[in-house]
Amino acid sequence: DDSGNEAVVDTVDVTLGGGETAEITLTDTPSVNFEDEALTYNVSTPTEDGDGETIDILKSPTFVVNSENLSSVGKIVGGEDVAVEADIKNDGGVEGTETVQLAIDGSTVAESTVTLAGGANETVTFVASTDDLDPGTQDIAVRTNNETVRDTFDVQAPAEFVPTVQSVSDPEAGDNISVDVAVENVGDVEGSAEVELVVPGVGSSTETINNIAG
């Protein structure tokens, strides 16, 4: 039993005539407390004790995150996909199936189902969108029913340009119009902006400004 003492786990009543034999089946369902241990079973009758036999009780399927690259995610520009790889191991002794989840801020964003023999491992790859995430630090996790591994990553606001007209020249007929424009990148990352000046009924002009810091 669970305390380490011998216990009767099954009995069968048999009636035999002189010289007769019979084959019987005795069963037991070991407690989970005996997983990954060896149990010795003895079969006995009121007149004789049989030889004991030792049986290894295999550990149930247990899925752990053997390794992952969560810490390498680091920073992602909003709108880009986040990719995560995780090596999943069945730390048990028998085959099992598990649905591994990728979660961001507590919500499951991707899943992968693996079937592994005892002691086997497999790398799963998750790809998830960041379109609906606000800029800032986000929690990220790879989880099975047996283990959860967590980390964080930063979502950066993509480059976004806001033009402000500083001044406009007063040209004479036939002269070019000169417009001074300040362009601010209100995002978190560097980018290039294409600024277009449109004068209705006259024409348009485009200038490209490169490498504007966020």
# chains A, B, ... in the order shown; residues from 1 in each chain; ligands from 1
$ residues_around --residues "Asp151 (chain A)" --least-positions-apart "5" --cutoff "10 Å" --atoms "only C-alpha atoms" --output "VMD selection string"
chain A and resid 69 to 74 104 138 to 142
$ select_by_dssp --residues "chain A" --states "helix (DSSP H, G or I)" --output "PyMOL selection string"
chain A and resi 32-34+70-72
$ select_by_dssp --residues "region 101-200 of chain A" --states "strand (DSSP E or B)" --output "VMD selection string"
chain A and resid 101 to 104 107 to 116 121 to 129 136 to 143 148 to 156 161 to 168 179 to 185 191 to 199
$ atom_distance --atom1 "CA of Val64 (chain A)" --atom2 "CA of Ala128 (chain A)"
21.4 Å
$ closest_atom_pairs --of "region 96-178 of chain A" --to "region 78-84 of chain A" --cutoff "7 Å" --atoms "only C-alpha atoms" --output "JSON lines"
{"residue": "A:Thr125", "atom": "CA", "partner": "A:Val84", "partner_atom": "CA", "distance": 5.8}
{"residue": "A:Phe126", "atom": "CA", "partner": "A:Val84", "partner_atom": "CA", "distance": 5.1}
{"residue": "A:Val127", "atom": "CA", "partner": "A:Ala83", "partner_atom": "CA", "distance": 4.5}
{"residue": "A:Ala128", "atom": "CA", "partner": "A:Val82", "partner_atom": "CA", "distance": 5.3}
{"residue": "A:Ser129", "atom": "CA", "partner": "A:Asp81", "partner_atom": "CA", "distance": 4.5}
{"residue": "A:Thr130", "atom": "CA", "partner": "A:Gly79", "partner_atom": "CA", "distance": 5.2}
{"residue": "A:Asp131", "atom": "CA", "partner": "A:Gly79", "partner_atom": "CA", "distance": 4.4}
{"residue": "A:Pro135", "atom": "CA", "partner": "A:Gly78", "partner_atom": "CA", "distance": 7.0}
{"residue": "A:Val155", "atom": "CA", "partner": "A:Gly78", "partner_atom": "CA", "distance": 5.7}
{"residue": "A:Gln156", "atom": "CA", "partner": "A:Gly78", "partner_atom": "CA", "distance": 5.6}
{"residue": "A:Ala157", "atom": "CA", "partner": "A:Gly78", "partner_atom": "CA", "distance": 5.5}
{"residue": "A:Pro158", "atom": "CA", "partner": "A:Gly78", "partner_atom": "CA", "distance": 5.9}
$ residues_around --residues "Thr123 (chain A)" --least-positions-apart "3" --cutoff "8 Å" --atoms "only C-alpha atoms" --output "list in words"
Glu85, Ala86, Asp87 and Ile88 of chain A
$ residues_around --residues "Thr115 (chain A)" --least-positions-apart "3" --cutoff "12 Å" --atoms "only C-alpha atoms" --output "JSON, numbers by chain"
{"A": [61, 62, 63, 88, 89, 90, 94, 95, 96, 97, 98, 99, 100, 112, 118, 119, 120, 121, 122, 123, 124]}
$ closest_residue --among "A:Val199, A:Val162, A:Thr108, A:Leu116" --to "Ala182 (chain A)" --atoms "only C-alpha atoms"
A:Val162
$ atom_distance --atom1 "CA of Asp49 (chain A)" --atom2 "CA of Asn33 (chain A)"
26.6 Å
